[in-house]
Amino acid sequence: MGGTFGLSACLAREGDRTDTPTEGVDFPSGPSDLSTLPRRQHAWNDYLIHDGHGNTILPRHQLVLFLDYTGSIPPTDDERARVEEAFRGIEAAFQRGTGGRRDALFNGGLLFTVGYTPTYFDRFDESLPTSVGLDTPESVVDELSEEPSIADDHDAVVVLNSDYASVTLTAEEALFGTLDTVDGVEVTSSLGGVFERDARRAAFVGRGHPARELEHDEIPDSAPLSMGFKSGFADNQPSEDKVTIDEGVFAGGTTQMVSLLELGLDEWYDMGSDERVSQMFGPGLDVDEVGSTGEQLADESGITEETVDRLRADADERGRVGHSQKLAAARDEDFDALILRRSEGNVPAEFGPALSFTSLQRSIEDFVTTREAMNAPELDDEVEDDRHGIRGFVETRHRATALVPPRGLRSLPTPRGRE
Ligand code: HEM
């Protein structure tokens, strides 16, 4: 819902909840010296909760804001200062995630990024340097033979994450100037006048939430994601270094894919749990090894080079292959995944259950390579669509691509950085 009404209703709701301690929770504020914050906007791992196996746990609530630029080209110093002050305002008001505390159990702070799309950079005469692999969403849907109308054309994407929905909503309202203070910190600037909110996407993740929030009886009670299994293990999420642009004026930045995926949950849960494990992971794994929601898998996804080598044989002999098994075929020479899946959230969309998918990668081409591995058309003769990992249960409804600049260039960059 959003807005100040959504915020006050959310605060009241959080107050009632038992699993979200708010009593006496005075949301921790940000550092007085903001220069102590990381140079990379996407440096989140040190500010995320880690489970007992060292896997990072994403904050429960995600809010994605799609913005249209209404400022000047090139941006004036005033416009740039205004935007920067607005972002610094929420950084001062809210601690960066867990504040770096490795033993944190709750993520009472805020993690956010701002990214700029090809539509924004097309407003300038110059083009982005070749060191930035920011393909347009149109070219991505074309390469993936998807419906052209799903390509989004906003100018910027702000992704806000926290364990408390009131934190993401407060940050949103502060960014758009409907609040005078946040946690006692005066709001001195907003994005209003430079950006307009065109669309927003609220999502959530976390054990038990999908079963409670999405009207779908089949979702296991303790599942963190609506398709039942936890995702993102230490062994198949690349390091932040691997997805960071390492040369040129935007070194220290990254690229972001922001998609909305419609899920065929009815058909998915028509299958038995063994089949769902096989198709989410690989035919070589079973429910006892994985667990009903992936809880048996410590820091390893169970996918090995042998699992990938078995793809062709599994297709020929079983007529069934796994989502992870296929995706792992896109890993690099160190057998690291190319994309860092950052905040996959459940969305009760108007068309039904959906997944808000965002990933970071050094170039958008790395995402396309990974998604092509998920499609794996070379297996189609042997494998029916509904046995082809999760491909037959997922339809892409929106795609946006963005460059997430390093923090120092996050406010109205030009294709040349700051000139
Ligand atoms: C409905 C949407 C999706 C769901 C519910 C989902 C869920 C999962 C789960 C449960 C796993 C296995 C656990 C893990 O290894 O993390 C996994 C693996 C993975 N998924 Fe997805 N996924 C979805 C869509 C996608 C998409 C669209 C992509 C990107 C093209 C993607 C990329 C990956 C990658 C790279 C892996 C790890 C494969 C490896 O081990 O190298 N997923 N996903």
# chains A, B, ... in the order shown; residues from 1 in each chain; ligands from 1

call {"tool": "residues_near_ligand", "arguments": {"ligand": "ligand 1", "cutoff": "8 Å", "atoms": "only C-alpha atoms and all ligand atoms", "output": "PDB file with N, CA, C and O atoms, in the first residue's frame"}}
result
ATOM      1  N   LEU A 225      10.437 -19.301   0.847  1.00  0.00           N
ATOM      2  CA  LEU A 225      10.027 -18.833  -0.482  1.00  0.00           C
ATOM      3  C   LEU A 225       8.813 -19.652  -0.913  1.00  0.00           C
ATOM      4  O   LEU A 225       8.680 -20.812  -0.527  1.00  0.00           O
ATOM      5  N   SER A 226       7.962 -19.089  -1.752  1.00  0.00           N
ATOM      6  CA  SER A 226       6.681 -19.738  -2.073  1.00  0.00           C
ATOM      7  C   SER A 226       6.848 -21.059  -2.807  1.00  0.00           C
ATOM      8  O   SER A 226       5.983 -21.917  -2.730  1.00  0.00           O
ATOM      9  N   MET A 227       7.976 -21.257  -3.499  1.00  0.00           N
ATOM     10  CA  MET A 227       8.165 -22.561  -4.163  1.00  0.00           C
ATOM     11  C   MET A 227       8.755 -23.570  -3.197  1.00  0.00           C
ATOM     12  O   MET A 227       9.115 -24.672  -3.579  1.00  0.00           O
ATOM     13  N   GLY A 228       8.879 -23.177  -1.947  1.00  0.00           N
ATOM     14  CA  GLY A 228       9.143 -24.143  -0.889  1.00  0.00           C
ATOM     15  C   GLY A 228      10.561 -24.203  -0.371  1.00  0.00           C
ATOM     16  O   GLY A 228      10.766 -24.496   0.809  1.00  0.00           O
ATOM     17  N   PHE A 229      11.554 -23.929  -1.208  1.00  0.00           N
ATOM     18  CA  PHE A 229      12.944 -24.149  -0.809  1.00  0.00           C
ATOM     19  C   PHE A 229      13.691 -22.849  -0.556  1.00  0.00           C
ATOM     20  O   PHE A 229      13.480 -21.856  -1.253  1.00  0.00           O
ATOM     21  N   LYS A 230      14.578 -22.906   0.407  1.00  0.00           N
ATOM     22  CA  LYS A 230      15.473 -21.769   0.669  1.00  0.00           C
ATOM     23  C   LYS A 230      16.426 -21.673  -0.516  1.00  0.00           C
ATOM     24  O   LYS A 230      16.782 -22.672  -1.124  1.00  0.00           O
ATOM     25  N   SER A 231      16.826 -20.430  -0.829  1.00  0.00           N
ATOM     26  CA  SER A 231      17.814 -20.330  -1.919  1.00  0.00           C
ATOM     27  C   SER A 231      18.932 -19.395  -1.523  1.00  0.00           C
ATOM     28  O   SER A 231      18.745 -18.507  -0.703  1.00  0.00           O
ATOM     29  N   GLY A 232      20.106 -19.673  -2.088  1.00  0.00           N
ATOM     30  CA  GLY A 232      21.275 -18.852  -1.771  1.00  0.00           C
ATOM     31  C   GLY A 232      22.138 -19.531  -0.724  1.00  0.00           C
ATOM     32  O   GLY A 232      21.911 -19.383   0.465  1.00  0.00           O
ATOM     33  N   PHE A 233      23.114 -20.317  -1.184  1.00  0.00           N
ATOM     34  CA  PHE A 233      24.026 -20.989  -0.262  1.00  0.00           C
ATOM     35  C   PHE A 233      25.433 -20.428  -0.470  1.00  0.00           C
ATOM     36  O   PHE A 233      25.763 -19.929  -1.548  1.00  0.00           O
ATOM     37  N   ASP A 235      28.071 -21.728  -1.097  1.00  0.00           N
ATOM     38  CA  ASP A 235      28.876 -22.312  -2.186  1.00  0.00           C
ATOM     39  C   ASP A 235      28.386 -21.905  -3.565  1.00  0.00           C
ATOM     40  O   ASP A 235      29.081 -22.131  -4.563  1.00  0.00           O
ATOM     41  N   ASN A 236      27.204 -21.301  -3.674  1.00  0.00           N
ATOM     42  CA  ASN A 236      26.778 -20.956  -5.045  1.00  0.00           C
ATOM     43  C   ASN A 236      26.361 -19.501  -5.182  1.00  0.00           C
ATOM     44  O   ASN A 236      25.610 -19.136  -6.082  1.00  0.00           O
ATOM     45  N   GLN A 237      26.803 -18.701  -4.226  1.00  0.00           N
ATOM     46  CA  GLN A 237      26.680 -17.259  -4.378  1.00  0.00           C
ATOM     47  C   GLN A 237      28.101 -16.708  -4.548  1.00  0.00           C
ATOM     48  O   GLN A 237      28.954 -16.927  -3.679  1.00  0.00           O
ATOM     49  N   LEU A 261       8.627 -12.289 -11.629  1.00  0.00           N
ATOM     50  CA  LEU A 261       8.369 -13.614 -12.215  1.00  0.00           C
ATOM     51  C   LEU A 261       7.041 -14.153 -11.684  1.00  0.00           C
ATOM     52  O   LEU A 261       6.858 -14.267 -10.476  1.00  0.00           O
ATOM     53  N   GLU A 262       6.125 -14.467 -12.608  1.00  0.00           N
ATOM     54  CA  GLU A 262       4.857 -15.075 -12.193  1.00  0.00           C
ATOM     55  C   GLU A 262       5.104 -16.562 -11.939  1.00  0.00           C
ATOM     56  O   GLU A 262       5.840 -17.202 -12.690  1.00  0.00           O
ATOM     57  N   LEU A 263       4.534 -17.097 -10.862  1.00  0.00           N
ATOM     58  CA  LEU A 263       4.778 -18.493 -10.486  1.00  0.00           C
ATOM     59  C   LEU A 263       3.533 -19.349 -10.663  1.00  0.00           C
ATOM     60  O   LEU A 263       2.448 -18.969 -10.218  1.00  0.00           O
ATOM     61  N   MET A 280      14.037 -28.793  -8.505  1.00  0.00           N
ATOM     62  CA  MET A 280      14.599 -27.540  -7.990  1.00  0.00           C
ATOM     63  C   MET A 280      16.124 -27.669  -7.881  1.00  0.00           C
ATOM     64  O   MET A 280      16.874 -26.743  -8.175  1.00  0.00           O
ATOM     65  N   PHE A 281      16.584 -28.843  -7.517  1.00  0.00           N
ATOM     66  CA  PHE A 281      18.030 -29.053  -7.342  1.00  0.00           C
ATOM     67  C   PHE A 281      18.564 -29.914  -8.490  1.00  0.00           C
ATOM     68  O   PHE A 281      19.154 -29.411  -9.431  1.00  0.00           O
ATOM     69  N   GLY A 294      14.866 -27.406   2.206  1.00  0.00           N
ATOM     70  CA  GLY A 294      16.291 -27.150   1.990  1.00  0.00           C
ATOM     71  C   GLY A 294      17.063 -27.037   3.287  1.00  0.00           C
ATOM     72  O   GLY A 294      18.262 -26.763   3.299  1.00  0.00           O
ATOM     73  N   GLU A 300      26.104 -25.843   1.638  1.00  0.00           N
ATOM     74  CA  GLU A 300      26.325 -26.337   0.276  1.00  0.00           C
ATOM     75  C   GLU A 300      24.998 -26.688  -0.383  1.00  0.00           C
ATOM     76  O   GLU A 300      24.153 -27.342   0.215  1.00  0.00           O
ATOM     77  N   SER A 301      24.851 -26.272  -1.621  1.00  0.00           N
ATOM     78  CA  SER A 301      23.580 -26.458  -2.335  1.00  0.00           C
ATOM     79  C   SER A 301      23.439 -27.887  -2.848  1.00  0.00           C
ATOM     80  O   SER A 301      22.416 -28.236  -3.432  1.00  0.00           O
ATOM     81  N   GLY A 302      24.497 -28.680  -2.665  1.00  0.00           N
ATOM     82  CA  GLY A 302      24.448 -30.078  -3.111  1.00  0.00           C
ATOM     83  C   GLY A 302      24.751 -30.216  -4.589  1.00  0.00           C
ATOM     84  O   GLY A 302      24.704 -31.316  -5.145  1.00  0.00           O
ATOM     85  N   ILE A 303      25.048 -29.092  -5.235  1.00  0.00           N
ATOM     86  CA  ILE A 303      25.336 -29.132  -6.677  1.00  0.00           C
ATOM     87  C   ILE A 303      26.849 -29.161  -6.880  1.00  0.00           C
ATOM     88  O   ILE A 303      27.559 -28.292  -6.365  1.00  0.00           O
ATOM     89  N   THR A 304      27.328 -30.188  -7.596  1.00  0.00           N
ATOM     90  CA  THR A 304      28.768 -30.332  -7.835  1.00  0.00           C
ATOM     91  C   THR A 304      29.023 -30.368  -9.339  1.00  0.00           C
ATOM     92  O   THR A 304      28.078 -30.432 -10.142  1.00  0.00           O
ATOM     93  N   HIS A 323      16.729 -27.333 -11.652  1.00  0.00           N
ATOM     94  CA  HIS A 323      16.967 -25.894 -11.849  1.00  0.00           C
ATOM     95  C   HIS A 323      18.417 -25.565 -11.499  1.00  0.00           C
ATOM     96  O   HIS A 323      19.183 -25.072 -12.332  1.00  0.00           O
ATOM     97  N   SER A 324      18.827 -25.880 -10.293  1.00  0.00           N
ATOM     98  CA  SER A 324      20.199 -25.582  -9.871  1.00  0.00           C
ATOM     99  C   SER A 324      21.211 -26.312 -10.747  1.00  0.00           C
ATOM    100  O   SER A 324      22.242 -25.764 -11.122  1.00  0.00           O
ATOM    101  N   GLN A 325      20.899 -27.552 -11.066  1.00  0.00           N
ATOM    102  CA  GLN A 325      21.793 -28.374 -11.904  1.00  0.00           C
ATOM    103  C   GLN A 325      22.070 -27.657 -13.225  1.00  0.00           C
ATOM    104  O   GLN A 325      23.214 -27.543 -13.659  1.00  0.00           O
ATOM    105  N   LYS A 326      21.024 -27.112 -13.824  1.00  0.00           N
ATOM    106  CA  LYS A 326      21.179 -26.410 -15.110  1.00  0.00           C
ATOM    107  C   LYS A 326      21.942 -25.103 -14.922  1.00  0.00           C
ATOM    108  O   LYS A 326      22.877 -24.792 -15.661  1.00  0.00           O
ATOM    109  N   LEU A 327      21.519 -24.337 -13.886  1.00  0.00           N
ATOM    110  CA  LEU A 327      22.131 -23.037 -13.680  1.00  0.00           C
ATOM    111  C   LEU A 327      23.627 -23.171 -13.391  1.00  0.00           C
ATOM    112  O   LEU A 327      24.426 -22.341 -13.806  1.00  0.00           O
ATOM    113  N   ALA A 328      23.972 -24.263 -12.706  1.00  0.00           N
ATOM    114  CA  ALA A 328      25.382 -24.461 -12.349  1.00  0.00           C
ATOM    115  C   ALA A 328      26.253 -24.664 -13.589  1.00  0.00           C
ATOM    116  O   ALA A 328      27.465 -24.457 -13.549  1.00  0.00           O
ATOM    117  N   ALA A 329      25.623 -25.003 -14.697  1.00  0.00           N
ATOM    118  CA  ALA A 329      26.385 -25.162 -15.944  1.00  0.00           C
ATOM    119  C   ALA A 329      26.930 -23.816 -16.430  1.00  0.00           C
ATOM    120  O   ALA A 329      27.853 -23.757 -17.242  1.00  0.00           O
ATOM    121  N   ALA A 330      26.361 -22.743 -15.882  1.00  0.00           N
ATOM    122  CA  ALA A 330      26.805 -21.397 -16.287  1.00  0.00           C
ATOM    123  C   ALA A 330      27.918 -20.874 -15.375  1.00  0.00           C
ATOM    124  O   ALA A 330      28.395 -19.750 -15.555  1.00  0.00           O
ATOM    125  N   ARG A 331      28.338 -21.665 -14.397  1.00  0.00           N
ATOM    126  CA  ARG A 331      29.376 -21.186 -13.478  1.00  0.00           C
ATOM    127  C   ARG A 331      30.685 -20.944 -14.238  1.00  0.00           C
ATOM    128  O   ARG A 331      30.886 -21.485 -15.310  1.00  0.00           O
ATOM    129  N   PHE A 335      34.303 -22.552 -10.978  1.00  0.00           N
ATOM    130  CA  PHE A 335      33.015 -23.131 -10.569  1.00  0.00           C
ATOM    131  C   PHE A 335      32.256 -22.215  -9.606  1.00  0.00           C
ATOM    132  O   PHE A 335      31.581 -22.650  -8.669  1.00  0.00           O
ATOM    133  N   ASP A 336      32.420 -20.913  -9.839  1.00  0.00           N
ATOM    134  CA  ASP A 336      31.617 -19.925  -9.097  1.00  0.00           C
ATOM    135  C   ASP A 336      30.461 -19.450  -9.973  1.00  0.00           C
ATOM    136  O   ASP A 336      30.623 -19.290 -11.188  1.00  0.00           O
ATOM    137  N   ALA A 337      29.312 -19.210  -9.348  1.00  0.00           N
ATOM    138  CA  ALA A 337      28.183 -18.671 -10.103  1.00  0.00           C
ATOM    139  C   ALA A 337      28.541 -17.265 -10.595  1.00  0.00           C
ATOM    140  O   ALA A 337      29.351 -16.570  -9.975  1.00  0.00           O
ATOM    141  N   LEU A 338      27.936 -16.854 -11.707  1.00  0.00           N
ATOM    142  CA  LEU A 338      28.232 -15.536 -12.293  1.00  0.00           C
ATOM    143  C   LEU A 338      27.383 -14.429 -11.678  1.00  0.00           C
ATOM    144  O   LEU A 338      27.730 -13.257 -11.754  1.00  0.00           O
ATOM    145  N   ILE A 339      26.239 -14.811 -11.118  1.00  0.00           N
ATOM    146  CA  ILE A 339      25.329 -13.788 -10.603  1.00  0.00           C
ATOM    147  C   ILE A 339      25.139 -13.968  -9.097  1.00  0.00           C
ATOM    148  O   ILE A 339      25.114 -15.085  -8.580  1.00  0.00           O
ATOM    149  N   LEU A 340      25.031 -12.828  -8.409  1.00  0.00           N
ATOM    150  CA  LEU A 340      24.784 -12.812  -6.957  1.00  0.00           C
ATOM    151  C   LEU A 340      23.308 -12.524  -6.773  1.00  0.00           C
ATOM    152  O   LEU A 340      22.842 -11.432  -7.069  1.00  0.00           O
ATOM    153  N   ARG A 341      22.569 -13.558  -6.361  1.00  0.00           N
ATOM    154  CA  ARG A 341      21.120 -13.365  -6.207  1.00  0.00           C
ATOM    155  C   ARG A 341      20.884 -12.579  -4.939  1.00  0.00           C
ATOM    156  O   ARG A 341      21.208 -13.043  -3.849  1.00  0.00           O
ATOM    157  N   GLU A 344      15.466 -12.157  -3.256  1.00  0.00           N
ATOM    158  CA  GLU A 344      14.349 -12.767  -3.963  1.00  0.00           C
ATOM    159  C   GLU A 344      13.186 -12.680  -2.993  1.00  0.00           C
ATOM    160  O   GLU A 344      13.278 -13.167  -1.882  1.00  0.00           O
ATOM    161  N   ALA A 354       3.932 -14.239  -7.151  1.00  0.00           N
ATOM    162  CA  ALA A 354       5.077 -13.892  -8.005  1.00  0.00           C
ATOM    163  C   ALA A 354       6.345 -13.825  -7.159  1.00  0.00           C
ATOM    164  O   ALA A 354       6.290 -13.864  -5.940  1.00  0.00           O
ATOM    165  N   LEU A 355       7.469 -13.741  -7.872  1.00  0.00           N
ATOM    166  CA  LEU A 355       8.756 -13.598  -7.186  1.00  0.00           C
ATOM    167  C   LEU A 355       9.444 -12.343  -7.701  1.00  0.00           C
ATOM    168  O   LEU A 355       9.554 -12.147  -8.910  1.00  0.00           O
ATOM    169  N   PHE A 357      12.669 -10.798  -8.311  1.00  0.00           N
ATOM    170  CA  PHE A 357      14.028 -11.329  -8.470  1.00  0.00           C
ATOM    171  C   PHE A 357      14.981 -10.176  -8.754  1.00  0.00           C
ATOM    172  O   PHE A 357      14.761  -9.408  -9.688  1.00  0.00           O
ATOM    173  N   SER A 359      19.266  -9.541  -9.123  1.00  0.00           N
ATOM    174  CA  SER A 359      20.608 -10.125  -9.058  1.00  0.00           C
ATOM    175  C   SER A 359      21.638  -9.076  -9.452  1.00  0.00           C
ATOM    176  O   SER A 359      21.325  -8.118 -10.169  1.00  0.00           O
ATOM    177  N   PHE A 367      24.153 -12.213 -16.622  1.00  0.00           N
ATOM    178  CA  PHE A 367      22.797 -12.657 -16.268  1.00  0.00           C
ATOM    179  C   PHE A 367      22.192 -13.439 -17.426  1.00  0.00           C
ATOM    180  O   PHE A 367      21.626 -14.517 -17.239  1.00  0.00           O
ATOM    181  N   VAL A 368      22.349 -12.912 -18.650  1.00  0.00           N
ATOM    182  CA  VAL A 368      21.759 -13.573 -19.831  1.00  0.00           C
ATOM    183  C   VAL A 368      22.346 -14.980 -19.984  1.00  0.00           C
ATOM    184  O   VAL A 368      21.615 -15.952 -20.209  1.00  0.00           O
ATOM    185  N   THR A 370      23.449 -16.881 -17.638  1.00  0.00           N
ATOM    186  CA  THR A 370      22.869 -17.724 -16.578  1.00  0.00           C
ATOM    187  C   THR A 370      21.422 -18.092 -16.906  1.00  0.00           C
ATOM    188  O   THR A 370      21.014 -19.244 -16.779  1.00  0.00           O
ATOM    189  N   ARG A 371      20.671 -17.100 -17.397  1.00  0.00           N
ATOM    190  CA  ARG A 371      19.254 -17.378 -17.717  1.00  0.00           C
ATOM    191  C   ARG A 371      19.125 -18.331 -18.895  1.00  0.00           C
ATOM    192  O   ARG A 371      18.236 -19.174 -18.948  1.00  0.00           O
ATOM    193  N   GLU A 372      20.053 -18.223 -19.846  1.00  0.00           N
ATOM    194  CA  GLU A 372      20.038 -19.150 -20.990  1.00  0.00           C
ATOM    195  C   GLU A 372      20.302 -20.575 -20.497  1.00  0.00           C
ATOM    196  O   GLU A 372      19.727 -21.540 -20.998  1.00  0.00           O
ATOM    197  N   ALA A 373      21.156 -20.688 -19.453  1.00  0.00           N
ATOM    198  CA  ALA A 373      21.417 -22.018 -18.880  1.00  0.00           C
ATOM    199  C   ALA A 373      20.147 -22.557 -18.217  1.00  0.00           C
ATOM    200  O   ALA A 373      19.893 -23.760 -18.217  1.00  0.00           O
ATOM    201  N   MET A 374      19.324 -21.661 -17.687  1.00  0.00           N
ATOM    202  CA  MET A 374      18.042 -22.090 -17.091  1.00  0.00           C
ATOM    203  C   MET A 374      17.082 -22.547 -18.175  1.00  0.00           C
ATOM    204  O   MET A 374      16.338 -23.504 -18.022  1.00  0.00           O
ATOM    205  N   ILE A 390      12.540 -25.585 -13.042  1.00  0.00           N
ATOM    206  CA  ILE A 390      11.334 -24.823 -12.698  1.00  0.00           C
ATOM    207  C   ILE A 390      10.857 -23.988 -13.887  1.00  0.00           C
ATOM    208  O   ILE A 390       9.920 -23.202 -13.767  1.00  0.00           O
ATOM    209  N   PHE A 393       7.230 -23.422 -14.741  1.00  0.00           N
ATOM    210  CA  PHE A 393       6.374 -22.866 -13.681  1.00  0.00           C
ATOM    211  C   PHE A 393       6.658 -21.387 -13.463  1.00  0.00           C
ATOM    212  O   PHE A 393       6.166 -20.787 -12.492  1.00  0.00           O
ATOM    213  N   VAL A 394       7.483 -20.810 -14.326  1.00  0.00           N
ATOM    214  CA  VAL A 394       7.916 -19.411 -14.146  1.00  0.00           C
ATOM    215  C   VAL A 394       7.701 -18.634 -15.435  1.00  0.00           C
ATOM    216  O   VAL A 394       8.112 -19.091 -16.505  1.00  0.00           O
TER     217      VAL A 394
END

call {"tool": "residues_around", "arguments": {"residues": "Ile49 (chain A)", "least_positions_apart": "5", "cutoff": "7 Å", "atoms": "only C-alpha atoms", "output": "PyMOL selection string"}}
result
chain A and resi 56-57+98+102+104-105+107

call {"tool": "write_last_selection", "arguments": {"atoms": "N, CA, C and O atoms", "output": "short mmCIF file (atom, residue, chain, number, x, y, z; two decimals), in the first residue's frame"}}
result
data_model
loop_
_atom_site.label_atom_id
_atom_site.label_comp_id
_atom_site.auth_asym_id
_atom_site.auth_seq_id
_atom_site.Cartn_x
_atom_site.Cartn_y
_atom_site.Cartn_z
N THR A 56 24.51 -16.19 4.03
CA THR A 56 23.89 -14.89 4.32
C THR A 56 22.38 -15.03 4.25
O THR A 56 21.84 -15.78 3.43
N ILE A 57 21.70 -14.34 5.14
CA ILE A 57 20.23 -14.35 5.18
C ILE A 57 19.75 -12.96 4.78
O ILE A 57 20.12 -11.97 5.41
N THR A 98 22.94 -4.82 9.67
CA THR A 98 23.22 -5.26 11.05
C THR A 98 24.29 -4.40 11.71
O THR A 98 24.70 -4.67 12.83
N ARG A 102 28.37 -9.59 13.36
CA ARG A 102 28.28 -10.97 12.83
C ARG A 102 27.29 -11.81 13.62
O ARG A 102 26.71 -12.75 13.11
N ALA A 104 24.45 -10.77 14.85
CA ALA A 104 23.11 -10.18 14.85
C ALA A 104 22.06 -11.25 14.50
O ALA A 104 22.30 -12.11 13.66
N LEU A 105 20.91 -11.18 15.18
CA LEU A 105 19.81 -12.11 14.90
C LEU A 105 18.72 -11.42 14.10
O LEU A 105 17.92 -12.07 13.45
N ASN A 107 17.87 -7.97 11.50
CA ASN A 107 18.44 -6.90 10.68
C ASN A 107 17.58 -5.66 10.84
O ASN A 107 16.71 -5.37 10.02
#

call {"tool": "atom_distance", "arguments": {"atom1": "CA of Asp266 (chain A)", "atom2": "CA of Leu214 (chain A)"}}
result
12.4 Å

call {"tool": "residues_around", "arguments": {"residues": "Val321 (chain A)", "least_positions_apart": "4", "cutoff": "7 Å", "atoms": "only C-alpha atoms", "output": "list in words"}}
result
Gln279, Gly282, Pro283, Leu311, Asp314, Ala315, Arg387, His388 and Gly389 of chain A

call {"tool": "select_by_dssp", "arguments": {"residues": "region 123-352 of chain A", "states": "alpha helix (DSSP H)", "output": "VMD selection string"}}
result
chain A and resid 137 to 143 165 to 175 209 to 213 265 to 270 273 to 280 287 to 290 305 to 309 311 to 318 323 to 327

call {"tool": "closest_residue", "arguments": {"among": "A:Arg397, A:Arg123, A:His42, A:Arg96", "to": "Val158 (chain A)", "atoms": "only C-alpha atoms"}}
result
A:His42
